[in-house]
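See below for model.txt, which holds compact mmCIF, C-alpha atoms.
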# COMPACT_ATOMS: atom_id res chain seq x y z
CA MET T 1 -7.15 54.74 -47.33
CA PRO T 2 -8.32 51.60 -45.46
CA ASN T 3 -10.37 49.20 -47.52
CA ALA T 4 -13.66 47.61 -46.54
CA LYS T 5 -11.98 44.37 -45.52
CA MET T 6 -9.68 46.19 -43.07
CA LEU T 7 -12.61 48.07 -41.54
CA THR T 8 -14.49 44.79 -41.09
CA LEU T 9 -11.51 43.22 -39.32
CA ASP T 10 -11.13 46.28 -37.07
CA ARG T 11 -14.79 46.14 -36.11
CA ARG T 12 -14.47 42.43 -35.29
CA ALA T 13 -11.42 43.10 -33.12
CA VAL T 14 -13.26 45.83 -31.23
CA LEU T 15 -16.29 43.58 -30.84
CA ARG T 16 -14.13 40.72 -29.53
CA GLY T 17 -12.49 43.07 -27.01
CA THR T 18 -15.85 44.38 -25.85
CA LEU T 19 -17.26 40.87 -25.44
CA ALA T 20 -14.13 39.72 -23.57
CA ALA T 21 -14.36 42.64 -21.18
CA GLY T 22 -18.05 41.97 -20.60
CA LEU T 23 -17.40 38.29 -20.00
CA ALA T 24 -14.60 39.01 -17.52
CA ALA T 25 -16.92 41.25 -15.57
CA THR T 26 -19.42 38.43 -15.23
CA LEU T 27 -16.96 35.71 -14.18
CA PRO T 28 -17.35 34.56 -10.54
CA GLY T 29 -15.24 36.73 -8.30
CA ALA T 30 -13.98 39.07 -11.00
CA ALA T 31 -16.31 41.94 -10.15
CA TRP T 32 -15.81 41.37 -6.40
CA ALA T 33 -12.04 41.27 -6.66
CA ALA T 34 -11.95 44.59 -8.51
CA ASP T 35 -12.84 46.52 -5.36
CA PHE T 36 -12.59 43.87 -2.59
CA PRO T 37 -13.07 44.53 0.26
CA THR T 38 -15.87 47.08 0.43
CA LYS T 39 -17.02 46.33 3.99
CA PRO T 40 -15.63 44.98 7.29
CA ILE T 41 -14.25 41.44 7.37
CA ARG T 42 -15.21 39.07 10.18
CA LEU T 43 -12.31 37.03 11.54
CA VAL T 44 -13.69 34.17 13.65
CA CYS T 45 -11.44 32.94 16.47
CA PRO T 46 -12.29 29.52 17.98
CA PHE T 47 -11.01 30.34 21.45
CA ALA T 48 -11.67 32.89 24.19
CA PRO T 49 -10.18 36.39 24.34
CA GLY T 50 -6.69 36.59 25.77
CA VAL T 51 -5.40 33.13 24.80
CA SER T 52 -2.54 32.82 22.32
CA THR T 53 -4.79 32.15 19.32
CA ASP T 54 -6.81 35.28 20.03
CA VAL T 55 -3.74 37.46 20.60
CA LEU T 56 -2.17 36.34 17.33
CA ALA T 57 -5.45 36.72 15.42
CA ARG T 58 -5.77 40.31 16.63
CA ALA T 59 -2.21 41.12 15.58
CA PHE T 60 -2.92 39.91 12.04
CA ALA T 61 -6.32 41.65 12.02
CA LYS T 62 -4.73 44.98 12.91
CA ASP T 63 -2.23 44.88 10.06
CA MET T 64 -4.76 43.51 7.58
CA SER T 65 -7.15 46.35 8.43
CA GLN T 66 -4.50 48.91 7.58
CA ASP T 67 -3.49 47.12 4.40
CA LEU T 68 -6.98 46.41 3.04
CA GLY T 69 -8.58 49.69 4.09
CA GLN T 70 -11.46 47.97 5.87
CA PRO T 71 -11.82 46.85 9.51
CA VAL T 72 -10.96 43.21 10.18
CA VAL T 73 -12.97 42.44 13.30
CA VAL T 74 -12.11 39.47 15.52
CA GLU T 75 -15.17 37.54 16.69
CA ASN T 76 -14.54 34.99 19.45
CA ARG T 77 -16.61 31.82 19.11
CA PRO T 78 -15.22 29.40 21.74
CA GLY T 79 -16.75 25.98 22.17
CA ALA T 80 -16.10 22.27 21.55
CA ASN T 81 -12.36 22.75 21.06
CA GLY T 82 -12.93 24.92 17.99
CA VAL T 83 -15.75 22.95 16.35
CA LEU T 84 -18.29 25.76 16.85
CA ALA T 85 -16.15 28.36 15.08
CA SER T 86 -15.26 26.01 12.22
CA THR T 87 -18.95 25.20 11.71
CA VAL T 88 -19.87 28.89 11.54
CA VAL T 89 -17.24 29.64 8.90
CA ALA T 90 -17.91 26.51 6.82
CA LYS T 91 -21.56 27.56 6.46
CA SER T 92 -20.79 31.21 5.62
CA PRO T 93 -20.81 32.70 2.11
CA ALA T 94 -17.58 32.25 0.14
CA ASP T 95 -17.15 35.97 -0.45
CA GLY T 96 -14.04 36.74 1.60
CA TYR T 97 -15.90 38.52 4.39
CA THR T 98 -15.85 35.62 6.89
CA LEU T 99 -12.52 34.02 7.77
CA LEU T 100 -11.30 31.52 10.36
CA PHE T 101 -8.07 31.93 12.31
CA THR T 102 -7.45 28.49 13.71
CA THR T 103 -5.00 25.96 15.08
CA GLY T 104 -4.14 22.31 14.52
CA SER T 105 -7.23 21.46 16.57
CA HIS T 106 -9.29 22.15 13.43
CA VAL T 107 -7.89 19.02 11.79
CA ALA T 108 -7.54 17.05 15.05
CA ASN T 109 -11.26 17.43 15.74
CA ALA T 110 -12.10 15.84 12.40
CA ALA T 111 -9.64 13.03 13.06
CA MET T 112 -11.51 12.17 16.28
CA ALA T 113 -15.15 12.74 15.36
CA THR T 114 -17.42 11.41 12.63
CA ASN T 115 -20.41 13.65 13.27
CA LEU T 116 -19.01 17.07 12.35
CA GLN T 117 -21.11 19.27 10.07
CA TYR T 118 -18.12 20.06 7.85
CA ARG T 119 -15.05 18.50 6.23
CA PRO T 120 -11.85 20.11 7.60
CA VAL T 121 -10.17 20.60 4.22
CA ASP T 122 -12.72 20.22 1.44
CA ASP T 123 -15.23 22.61 3.02
CA PHE T 124 -12.64 25.38 3.39
CA THR T 125 -10.28 27.43 1.27
CA ALA T 126 -6.75 27.38 2.68
CA LEU T 127 -5.29 30.89 2.74
CA PHE T 128 -2.14 31.10 4.82
CA LEU T 129 -0.07 29.08 7.31
CA ALA T 130 0.95 31.83 9.71
CA ALA T 131 3.14 30.07 12.25
CA GLN T 132 4.26 26.77 13.71
CA SER T 133 5.23 25.87 17.26
CA TYR T 134 8.14 24.07 18.87
CA GLY T 135 5.66 21.90 20.73
CA LEU T 136 4.65 21.66 24.37
CA ALA T 137 6.73 21.45 27.53
CA LEU T 138 6.41 18.57 29.98
CA VAL T 139 6.46 20.10 33.46
CA ALA T 140 6.49 18.52 36.90
CA THR T 141 7.60 19.33 40.45
CA LYS T 142 8.34 15.94 42.02
CA TYR T 143 10.51 14.56 39.22
CA ASP T 144 13.87 15.65 37.84
CA SER T 145 13.78 13.94 34.44
CA VAL T 146 11.63 12.03 31.97
CA ALA T 147 13.49 8.90 33.01
CA ASP T 148 12.35 9.44 36.60
CA ILE T 149 8.72 9.68 35.51
CA VAL T 150 8.96 6.56 33.34
CA ALA T 151 10.55 4.59 36.18
CA ALA T 152 7.90 5.72 38.67
CA ALA T 153 5.07 4.96 36.21
CA LYS T 154 6.37 1.46 35.55
CA LYS T 155 6.69 0.85 39.25
CA ALA T 156 3.09 1.94 39.86
CA PRO T 157 1.05 1.48 36.64
CA GLY T 158 -2.08 3.60 36.40
CA LYS T 159 -1.18 5.80 39.38
CA LEU T 160 0.63 8.84 37.98
CA THR T 161 -1.60 11.63 36.63
CA TYR T 162 -1.34 14.40 34.06
CA ALA T 163 -3.58 17.44 33.62
CA THR T 164 -5.21 18.10 30.24
CA SER T 165 -7.53 20.66 28.67
CA GLY T 166 -9.99 17.93 27.71
CA VAL T 167 -10.33 14.86 25.51
CA GLY T 168 -8.61 15.30 22.18
CA ASN T 169 -6.91 18.55 23.11
CA VAL T 170 -3.22 18.65 22.22
CA THR T 171 -2.37 18.43 25.93
CA HIS T 172 -4.26 15.14 26.07
CA VAL T 173 -2.76 13.82 22.84
CA ALA T 174 0.76 14.61 24.07
CA GLY T 175 0.15 12.59 27.23
CA ALA T 176 -1.30 9.69 25.27
CA VAL T 177 1.70 9.66 22.93
CA PHE T 178 4.01 9.73 25.96
CA GLU T 179 2.24 6.65 27.33
CA LYS T 180 2.52 4.86 24.01
CA VAL T 181 6.18 5.54 23.24
CA ALA T 182 7.36 5.00 26.83
CA GLY T 183 5.21 1.93 27.47
CA ILE T 184 3.60 3.36 30.58
CA ASP T 185 0.06 3.80 31.93
CA LEU T 186 -0.97 7.26 33.15
CA ILE T 187 -4.29 8.81 34.18
CA ASP T 188 -5.43 11.95 32.36
CA VAL T 189 -7.21 14.56 34.46
CA PRO T 190 -9.30 16.97 32.32
CA TYR T 191 -9.68 20.62 33.34
CA ASN T 192 -11.95 23.37 32.08
CA SER T 193 -9.35 25.98 32.96
CA PRO T 194 -6.32 26.68 30.74
CA THR T 195 -4.11 27.01 33.85
CA LEU T 196 -3.15 23.35 33.94
CA SER T 197 -0.01 23.93 35.97
CA THR T 198 -1.79 25.09 39.14
CA ASP T 199 -2.50 21.65 40.57
CA VAL T 200 0.87 20.38 39.37
CA MET T 201 2.56 23.08 41.45
CA GLY T 202 0.27 22.19 44.34
CA GLY T 203 1.11 18.51 44.11
CA GLN T 204 -2.43 17.29 43.30
CA VAL T 205 -1.39 16.23 39.77
CA ASP T 206 1.98 14.75 38.85
CA MET T 207 2.64 16.49 35.54
CA THR T 208 1.19 18.29 32.55
CA PHE T 209 2.02 19.40 29.01
CA ILE T 210 1.74 23.16 28.59
CA SER T 211 2.92 25.78 26.13
CA THR T 212 6.56 26.71 26.43
CA VAL T 213 5.48 30.35 26.79
CA THR T 214 3.68 29.44 30.01
CA ALA T 215 6.39 27.06 31.17
CA VAL T 216 9.39 29.40 30.92
CA PRO T 217 8.38 31.96 33.58
CA LEU T 218 7.23 29.19 35.92
CA MET T 219 10.57 27.46 35.51
CA LYS T 220 12.50 30.67 36.14
CA THR T 221 10.70 31.18 39.44
CA GLY T 222 11.34 27.58 40.44
CA LYS T 223 7.66 26.63 40.55
CA VAL T 224 8.04 23.77 38.05
CA LYS T 225 10.76 21.80 36.31
CA VAL T 226 10.67 21.59 32.53
CA LEU T 227 11.79 18.08 31.62
CA ALA T 228 11.35 17.88 27.83
CA THR T 229 9.59 19.40 24.84
CA THR T 230 7.45 17.61 22.26
CA GLY T 231 8.68 19.08 18.97
CA THR T 232 11.63 18.24 16.74
CA MET T 233 13.64 21.36 17.68
CA ARG T 234 14.56 22.91 21.02
CA PRO T 235 12.77 26.24 21.55
CA PRO T 236 15.16 29.22 21.72
CA THR T 237 13.64 30.03 25.12
CA LEU T 238 14.56 26.55 26.47
CA PRO T 239 17.97 25.83 24.95
CA ASP T 240 19.00 23.45 27.75
CA VAL T 241 15.84 21.34 27.68
CA PRO T 242 15.96 18.25 25.43
CA THR T 243 13.22 17.20 23.06
CA PHE T 244 11.63 13.78 23.54
CA GLN T 245 13.29 12.70 20.31
CA GLN T 246 16.69 13.64 21.70
CA LEU T 247 15.90 11.46 24.71
CA GLY T 248 15.40 8.48 22.43
CA TYR T 249 11.65 8.63 21.74
CA LYS T 250 11.98 8.92 17.97
CA ASP T 251 8.23 8.82 17.22
CA PHE T 252 7.41 11.69 19.57
CA ASP T 253 6.46 14.71 17.49
CA ILE T 254 3.62 16.90 18.78
CA THR T 255 3.65 20.46 17.54
CA GLY T 256 1.03 23.02 16.62
CA TYR T 257 0.30 25.64 14.03
CA PHE T 258 -1.85 28.67 13.33
CA GLY T 259 -3.45 29.42 9.99
CA MET T 260 -6.18 31.25 8.13
CA LEU T 261 -9.08 29.58 6.31
CA ALA T 262 -12.14 30.76 4.41
CA PRO T 263 -15.27 28.92 3.23
CA ALA T 264 -14.81 26.55 0.29
CA ASN T 265 -14.87 27.85 -3.29
CA LEU T 266 -13.54 31.30 -2.47
CA PRO T 267 -12.85 33.03 -5.82
CA PRO T 268 -9.13 32.83 -6.72
CA GLU T 269 -8.91 36.61 -7.12
CA ILE T 270 -10.07 37.18 -3.53
CA THR T 271 -7.90 34.34 -2.26
CA ALA T 272 -4.89 36.09 -3.80
CA ILE T 273 -5.80 39.45 -2.22
CA LEU T 274 -6.20 37.93 1.24
CA TYR T 275 -3.01 35.87 0.98
CA ARG T 276 -1.01 38.92 -0.03
CA SER T 277 -2.38 40.89 2.92
CA LEU T 278 -1.76 38.04 5.38
CA LYS T 279 1.79 37.52 4.12
CA LYS T 280 2.48 41.23 4.46
CA ALA T 281 1.13 41.23 8.03
CA GLY T 282 3.23 38.19 8.90
CA GLU T 283 6.38 40.03 7.85
CA THR T 284 5.87 43.02 10.16
CA LYS T 285 8.16 43.45 13.16
CA GLU T 286 5.18 43.48 15.51
CA VAL T 287 3.95 40.06 14.39
CA ARG T 288 7.46 38.56 14.17
CA ASP T 289 8.22 39.75 17.73
CA LEU T 290 4.93 38.31 18.95
CA LEU T 291 5.71 34.95 17.36
CA ALA T 292 9.13 34.86 19.02
CA GLU T 293 7.64 35.75 22.40
CA SER T 294 5.06 32.98 21.93
CA SER T 295 7.75 30.40 21.08
CA LEU T 296 6.49 30.19 17.50
CA TYR T 297 8.31 30.52 14.21
CA PRO T 298 6.89 32.02 11.00
CA SER T 299 5.74 29.92 8.08
CA ASP T 300 4.37 31.64 5.02
CA LEU T 301 2.97 28.75 2.97
CA ASP T 302 0.75 30.01 0.18
CA PRO T 303 -2.82 28.74 -0.31
CA ARG T 304 -1.80 25.72 -2.40
CA GLY T 305 1.00 24.78 0.00
CA PHE T 306 -1.21 25.21 3.05
CA ASP T 307 -3.93 23.06 1.49
CA ALA T 308 -1.41 20.25 0.93
CA PHE T 309 -0.12 20.72 4.49
CA LEU T 310 -3.64 20.32 5.91
CA ARG T 311 -4.35 17.18 3.89
CA LYS T 312 -1.12 15.58 5.07
CA ASP T 313 -1.84 16.53 8.69
CA LEU T 314 -5.38 15.15 8.48
CA ALA T 315 -4.07 11.78 7.30
CA TYR T 316 -1.43 11.73 10.04
CA GLN T 317 -3.78 12.74 12.84
CA THR T 318 -6.51 10.31 11.74
CA THR T 319 -4.02 7.45 11.94
CA LEU T 320 -2.62 8.72 15.25
CA MET T 321 -6.03 9.03 16.93
CA LYS T 322 -6.95 5.49 15.89
CA GLU T 323 -3.67 4.17 17.29
CA LEU T 324 -4.22 6.05 20.55
CA GLY T 325 -7.90 5.15 20.76
CA ILE T 326 -8.98 8.76 21.26
CA GLN T 327 -12.51 9.74 20.23
CA MET T 328 -14.33 13.01 20.74
CA GLN T 329 -17.06 12.75 23.37
Could you show the structure in this file as structure tokens?
Amino acid sequence: MPNAKMLTLDRRAVLRGTLAAGLAATLPGAAWAADFPTKPIRLVCPFAPGVSTDVLARAFAKDMSQDLGQPVVVENRPGANGVLASTVVAKSPADGYTLLFTTGSHVANAAMATNLQYRPVDDFTALFLAAQSYGLALVATKYDSVADIVAAAKKAPGKLTYATSGVGNVTHVAGAVFEKVAGIDLIDVPYNSPTLSTDVMGGQVDMTFISTVTAVPLMKTGKVKVLATTGTMRPPTLPDVPTFQQLGYKDFDITGYFGMLAPANLPPEITAILYRSLKKAGETKEVRDLLAESSLYPSDLDPRGFDAFLRKDLAYQTTLMKELGIQMQ
């Protein structure tokens, strides 16, 4: 027969268990994570429908919807090279129901501007680095090699032109880096349209940096010549095209990436749920095929790894923009 002391200890153990359970239920995020999500999730995309960022965001949204049992709805918020979308998400509740699917422009914007309403890393929770790119392709019609362009630019400083998608866009940064490493002076021509190659094919602009996905079909039809790529590895779709580094420009490294962010201070339990779902989506054949078709390769950094990645990229891009003298207008 149990004695009084044993009964007292048993009661204390039960009481401690009850208190612990009650405390866990009141911890931030614990109650939410138990049944998260219970309603649709808004996935904000910083660019217009149909562009690569939007297409990839929708592929992830589709698989996440099936996995989480709630609709993941893509909401396009184009404007200011992604600043508008980042601002919306930074000011949203940290409850897991508003996410940002973004590119390297998220950090680049902060490296160029001092008047943003958010901090690119500290005001967000890093969730998942979905994919990285092989860089951009330098295309032209009147030149057969990078060496030809450099020679022509040195012969006529400030005469050759390259099309860009606007100040601070990766197409502009790539051109500015080209000028710096080659010691040449080019003129950037900003466009509001993403079809930068049109005037290059027409001869109005000498060259441009565009995605390899866009460059490959144009090259195959003979409309442009692809002279080099800006990453550290040759894209599988352009095995015969050298990188700038292979041509001797060792400091030339312009690539891109796609990742998922949430507002800062997202509860760890919800962060874990979203990361698991994103990682699962990134491993599907549909998404892997889409990445390959888009000249991207998968990268499944977890939240901690992605956060470190973003901090390193912010430091690099801040230094790069100062060296290039590029500021957001």
Against stretch 74-85 of chain T, which residues of stretch 94-173 of chain T fall within 9 Å? For each one I want the closest pair of atoms and the distance in Å (one decimal), counting only C-alpha atoms, rows by chain and increasing residue number, as JSON lines.
{"residue": "T:Leu100", "atom": "CA", "partner": "T:Ala85", "partner_atom": "CA", "distance": 7.5}
{"residue": "T:Thr102", "atom": "CA", "partner": "T:Gly82", "partner_atom": "CA", "distance": 7.8}
{"residue": "T:Thr103", "atom": "CA", "partner": "T:Gly82", "partner_atom": "CA", "distance": 8.5}
{"residue": "T:Ser105", "atom": "CA", "partner": "T:Gly82", "partner_atom": "CA", "distance": 6.8}
{"residue": "T:His106", "atom": "CA", "partner": "T:Gly82", "partner_atom": "CA", "distance": 6.5}
{"residue": "T:Asn109", "atom": "CA", "partner": "T:Val83", "partner_atom": "CA", "distance": 7.1}
{"residue": "T:Ala110", "atom": "CA", "partner": "T:Val83", "partner_atom": "CA", "distance": 8.9}
{"residue": "T:Leu116", "atom": "CA", "partner": "T:Val83", "partner_atom": "CA", "distance": 7.8}
{"residue": "T:Gly166", "atom": "CA", "partner": "T:Asn81", "partner_atom": "CA", "distance": 8.5}
{"residue": "T:Gly168", "atom": "CA", "partner": "T:Asn81", "partner_atom": "CA", "distance": 8.4}
{"residue": "T:Asn169", "atom": "CA", "partner": "T:Asn81", "partner_atom": "CA", "distance": 7.2}
Original post:
Hey, can you check how far atom CA of T:Ile326 sits from atom CA of T:Asp188?
Top reply: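 These two atoms are separated by 12.1 Å.
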**OP:** Select, from T:Leu43, T:Ile187, T:Leu266, T:Met201, the residue with the minimum atom-to-atom distance to T:Thr164, counting all atoms listed in the file.
**Re:** T:Ile187
Subject >> From T:Ala264, T:Ala281, T:Leu138, T:Ala272, residue lying nearest T:Pro303 [all atoms listed in the file] >> reply: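 Checking each of T:Ala264, T:Ala281, T:Leu138, T:Ala272 against T:Pro303, counting all atoms listed in the file, the winner is T:Ala272.
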Original post:
Which residue, T:Asp67, T:Ala108, T:Phe209, T:Asp289, has the smallest gap to T:Thr319 when you use all atoms listed in the file?
Top reply: T:Ala108
**OP:** Considering all atoms listed in the file, state which residue in the set T:Arg311, T:Leu320, T:Asp35, T:Phe101 is at the smallest distance from T:Lys180.
**Re:** T:Leu320
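Closest to T:Thr98 among T:Pro236, T:Pro298, T:Pro157, T:Pro37 is T:Pro37, based on all atoms listed in the file.
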Subject >> Closest of T:Ser295, T:Thr161, T:Asn192, T:Thr141 to T:Thr212 - atom-to-atom distances counting all atoms listed in the file >> reply: T:Ser295
Subject >> Residue contacts of T:Leu301 (10 Å, only C-alpha atoms) excluding same-chain residues fewer than 2 positions away, as a list in words >> reply: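 Once the adjacent positions are removed, what remains is Ala126, Leu127, Phe128, Leu129, Ala130, Ala131, Gly259, Tyr275, Lys279, Pro298, Ser299, Pro303, Arg304, Gly305, Phe306, Asp307, Ala308 and Phe309 of chain T.
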**OP:** Record the distance separating atom CA of T:Gly222 and atom CA of T:Asp148, expressed in Å with one decimal.
**Re:**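 Atom-to-atom, atom CA of T:Gly222 and atom CA of T:Asp148 are spaced 18.6 Å apart.
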Original post:
How many Å separate atom CA of T:Ala176 from atom CA of T:Phe244?
Top reply: 13.7 Å
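Around the point (2.6, 16.3, 41.9), within 9 Å and counting only C-alpha atoms, we find these residues: Ala140, Thr141, Lys142, Tyr143, Leu160, Thr161, Tyr162, Asp199, Val200, Met201, Gly202, Gly203, Gln204, Val205, Asp206 and Met207 of chain T.
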Show me, as lines of an AutoDock Vina configuration file, the centre and edge lengths in Å to one decimal of the axis-aligned box that covers every listed atom of stretch 303-318 of chain T with 5 Å on each side.
center_x = -2.8
center_y = 19.5
center_z = 5.2
size_x = 17.5
size_y = 28.4
size_z = 25.2
Your completed stretch 42-62 of chain T with N, CA, C and O atoms, as a PDB file, in the coordinates of the input:
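Writing the result to selection.pdb gives the following:
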ATOM      1  N   ARG T  42     -15.057  39.753   8.882  1.00  0.00           N
ATOM      2  CA  ARG T  42     -15.210  39.070  10.180  1.00  0.00           C
ATOM      3  C   ARG T  42     -14.172  37.964  10.278  1.00  0.00           C
ATOM      4  O   ARG T  42     -14.127  37.054   9.463  1.00  0.00           O
ATOM      5  N   LEU T  43     -13.325  38.041  11.309  1.00  0.00           N
ATOM      6  CA  LEU T  43     -12.310  37.030  11.540  1.00  0.00           C
ATOM      7  C   LEU T  43     -12.705  36.218  12.780  1.00  0.00           C
ATOM      8  O   LEU T  43     -12.602  36.691  13.906  1.00  0.00           O
ATOM      9  N   VAL T  44     -13.183  35.006  12.559  1.00  0.00           N
ATOM     10  CA  VAL T  44     -13.690  34.170  13.650  1.00  0.00           C
ATOM     11  C   VAL T  44     -12.530  33.455  14.332  1.00  0.00           C
ATOM     12  O   VAL T  44     -11.716  32.799  13.679  1.00  0.00           O
ATOM     13  N   CYS T  45     -12.474  33.587  15.660  1.00  0.00           N
ATOM     14  CA  CYS T  45     -11.440  32.940  16.470  1.00  0.00           C
ATOM     15  C   CYS T  45     -12.111  31.855  17.310  1.00  0.00           C
ATOM     16  O   CYS T  45     -13.089  32.137  18.009  1.00  0.00           O
ATOM     17  N   PRO T  46     -11.614  30.619  17.284  1.00  0.00           N
ATOM     18  CA  PRO T  46     -12.290  29.520  17.980  1.00  0.00           C
ATOM     19  C   PRO T  46     -12.053  29.440  19.476  1.00  0.00           C
ATOM     20  O   PRO T  46     -12.578  28.540  20.126  1.00  0.00           O
ATOM     21  N   PHE T  47     -11.291  30.389  20.024  1.00  0.00           N
ATOM     22  CA  PHE T  47     -11.010  30.340  21.450  1.00  0.00           C
ATOM     23  C   PHE T  47     -11.270  31.688  22.110  1.00  0.00           C
ATOM     24  O   PHE T  47     -11.469  32.689  21.430  1.00  0.00           O
ATOM     25  N   ALA T  48     -11.265  31.704  23.421  1.00  0.00           N
ATOM     26  CA  ALA T  48     -11.670  32.890  24.190  1.00  0.00           C
ATOM     27  C   ALA T  48     -10.659  34.022  24.073  1.00  0.00           C
ATOM     28  O   ALA T  48      -9.487  33.794  23.742  1.00  0.00           O
ATOM     29  N   PRO T  49     -11.094  35.248  24.365  1.00  0.00           N
ATOM     30  CA  PRO T  49     -10.180  36.390  24.340  1.00  0.00           C
ATOM     31  C   PRO T  49      -9.021  36.200  25.308  1.00  0.00           C
ATOM     32  O   PRO T  49      -9.187  35.658  26.396  1.00  0.00           O
ATOM     33  N   GLY T  50      -7.842  36.637  24.889  1.00  0.00           N
ATOM     34  CA  GLY T  50      -6.690  36.590  25.770  1.00  0.00           C
ATOM     35  C   GLY T  50      -5.769  35.402  25.585  1.00  0.00           C
ATOM     36  O   GLY T  50      -4.598  35.465  25.970  1.00  0.00           O
ATOM     37  N   VAL T  51      -6.270  34.292  25.012  1.00  0.00           N
ATOM     38  CA  VAL T  51      -5.400  33.130  24.800  1.00  0.00           C
ATOM     39  C   VAL T  51      -4.538  33.393  23.561  1.00  0.00           C
ATOM     40  O   VAL T  51      -4.777  34.332  22.808  1.00  0.00           O
ATOM     41  N   SER T  52      -3.521  32.552  23.363  1.00  0.00           N
ATOM     42  CA  SER T  52      -2.540  32.820  22.320  1.00  0.00           C
ATOM     43  C   SER T  52      -3.153  32.939  20.929  1.00  0.00           C
ATOM     44  O   SER T  52      -2.745  33.784  20.125  1.00  0.00           O
ATOM     45  N   THR T  53      -4.152  32.096  20.632  1.00  0.00           N
ATOM     46  CA  THR T  53      -4.790  32.150  19.320  1.00  0.00           C
ATOM     47  C   THR T  53      -5.451  33.500  19.100  1.00  0.00           C
ATOM     48  O   THR T  53      -5.341  34.105  18.027  1.00  0.00           O
ATOM     49  N   ASP T  54      -6.130  33.994  20.115  1.00  0.00           N
ATOM     50  CA  ASP T  54      -6.810  35.280  20.030  1.00  0.00           C
ATOM     51  C   ASP T  54      -5.817  36.427  19.875  1.00  0.00           C
ATOM     52  O   ASP T  54      -6.019  37.326  19.053  1.00  0.00           O
ATOM     53  N   VAL T  55      -4.748  36.397  20.657  1.00  0.00           N
ATOM     54  CA  VAL T  55      -3.740  37.460  20.600  1.00  0.00           C
ATOM     55  C   VAL T  55      -3.112  37.535  19.214  1.00  0.00           C
ATOM     56  O   VAL T  55      -2.947  38.616  18.633  1.00  0.00           O
ATOM     57  N   LEU T  56      -2.789  36.374  18.654  1.00  0.00           N
ATOM     58  CA  LEU T  56      -2.170  36.340  17.330  1.00  0.00           C
ATOM     59  C   LEU T  56      -3.171  36.763  16.250  1.00  0.00           C
ATOM     60  O   LEU T  56      -2.818  37.487  15.310  1.00  0.00           O
ATOM     61  N   ALA T  57      -4.419  36.329  16.388  1.00  0.00           N
ATOM     62  CA  ALA T  57      -5.450  36.720  15.420  1.00  0.00           C
ATOM     63  C   ALA T  57      -5.615  38.231  15.395  1.00  0.00           C
ATOM     64  O   ALA T  57      -5.749  38.835  14.322  1.00  0.00           O
ATOM     65  N   ARG T  58      -5.592  38.854  16.559  1.00  0.00           N
ATOM     66  CA  ARG T  58      -5.770  40.310  16.630  1.00  0.00           C
ATOM     67  C   ARG T  58      -4.576  41.062  16.041  1.00  0.00           C
ATOM     68  O   ARG T  58      -4.742  42.149  15.462  1.00  0.00           O
ATOM     69  N   ALA T  59      -3.390  40.492  16.178  1.00  0.00           N
ATOM     70  CA  ALA T  59      -2.210  41.120  15.580  1.00  0.00           C
ATOM     71  C   ALA T  59      -2.322  41.117  14.059  1.00  0.00           C
ATOM     72  O   ALA T  59      -2.041  42.126  13.397  1.00  0.00           O
ATOM     73  N   PHE T  60      -2.734  39.987  13.498  1.00  0.00           N
ATOM     74  CA  PHE T  60      -2.920  39.910  12.040  1.00  0.00           C
ATOM     75  C   PHE T  60      -4.071  40.813  11.604  1.00  0.00           C
ATOM     76  O   PHE T  60      -3.991  41.481  10.568  1.00  0.00           O
ATOM     77  N   ALA T  61      -5.160  40.827  12.375  1.00  0.00           N
ATOM     78  CA  ALA T  61      -6.320  41.650  12.020  1.00  0.00           C
ATOM     79  C   ALA T  61      -5.954  43.129  11.948  1.00  0.00           C
ATOM     80  O   ALA T  61      -6.402  43.857  11.052  1.00  0.00           O
ATOM     81  N   LYS T  62      -5.127  43.568  12.883  1.00  0.00           N
ATOM     82  CA  LYS T  62      -4.730  44.980  12.910  1.00  0.00           C
ATOM     83  C   LYS T  62      -3.984  45.367  11.641  1.00  0.00           C
ATOM     84  O   LYS T  62      -4.299  46.377  11.001  1.00  0.00           O
TER      85      LYS T  62
END
